[in-house]
Amino acid sequence: MGVKKQSAKTSVKKGTPSANGEEHVRRVRRLCAALRQTTEKLSHGEPTFFVGKKVFAMVANNHHNDGHIAVYIPVAPGLQATLLKTEPEKFFMPPYVGVRGWVAVELEAVDDEELGFHLSEAWRLIAPPKVRSGPGQIERTIPKF
């Protein structure tokens with residue numbers, strides 16, 4: 001008898017952000033804060049992270065009652081289809097921005113190291129050239145917890 005594989009999608013009561021989701025928001029916030037010139041603002045009721053004036057990450061904590069606790073990020077051209085096909089338990093097509101090459105990362109399905117990698121790559125894709133090539137490190141050291 002085979003083991004039934006569970007989906008990474010967290011069971012979230014429809015209509016409310018999840019308490020577990022708030023823990024994941026703190027993870028995303030901590031990792032994004034380590035990236036140079038990152039700011040956070042609420043956009044569409046969710047924490048959204050900017051470098052300069054451009055968005056590089058948006059949290060979705062049961063947004064529109066979809067049951068997902070995820071972060072939406074841009075990925076390199078051509079990578080979206082590969083991630084969606086090869087790791088559907090971690091990645092899905094986000095609403096609105098998916099058509100522009102973004103993916104949603106199920107936060108329950110990734111550890112801090114993998115999440116930090118994806119957020120750093122998203123930051124690099126969006127950061128203005130002067131910020132990317134400025135003096136010092138591209139990013140501050142991401143703390144390990």
# chains A, B, ... in the order shown; residues from 1 in each chain; ligands from 1
call {"tool": "residues_around", "arguments": {"residues": "Arg27 in chain A", "least_positions_apart": "3", "cutoff": "12 Å", "atoms": "only C-alpha atoms", "output": "MDAnalysis selection string"}}
result
chainID A and resid 20:24 30:34 47 59 69:71 107:108 110:116 119 142:145
call {"tool": "closest_residue", "arguments": {"among": "A:Arg26, A:His118, A:Lys130, A:Arg36", "to": "Leu83 in chain A", "atoms": "only C-alpha atoms"}}
result
A:His118
call {"tool": "atom_distance", "arguments": {"atom1": "CA of Ser120 in chain A", "atom2": "CA of Leu79 in chain A"}}
result
15.2 Å
call {"tool": "atom_distance", "arguments": {"atom1": "CA of Lys54 in chain A", "atom2": "CA of Ala81 in chain A"}}
result
23.3 Å
call {"tool": "closest_residue", "arguments": {"among": "A:Ala60, A:Gly101, A:Pro128, A:Leu42", "to": "Thr82 in chain A", "atoms": "only C-alpha atoms"}}
result
A:Gly101
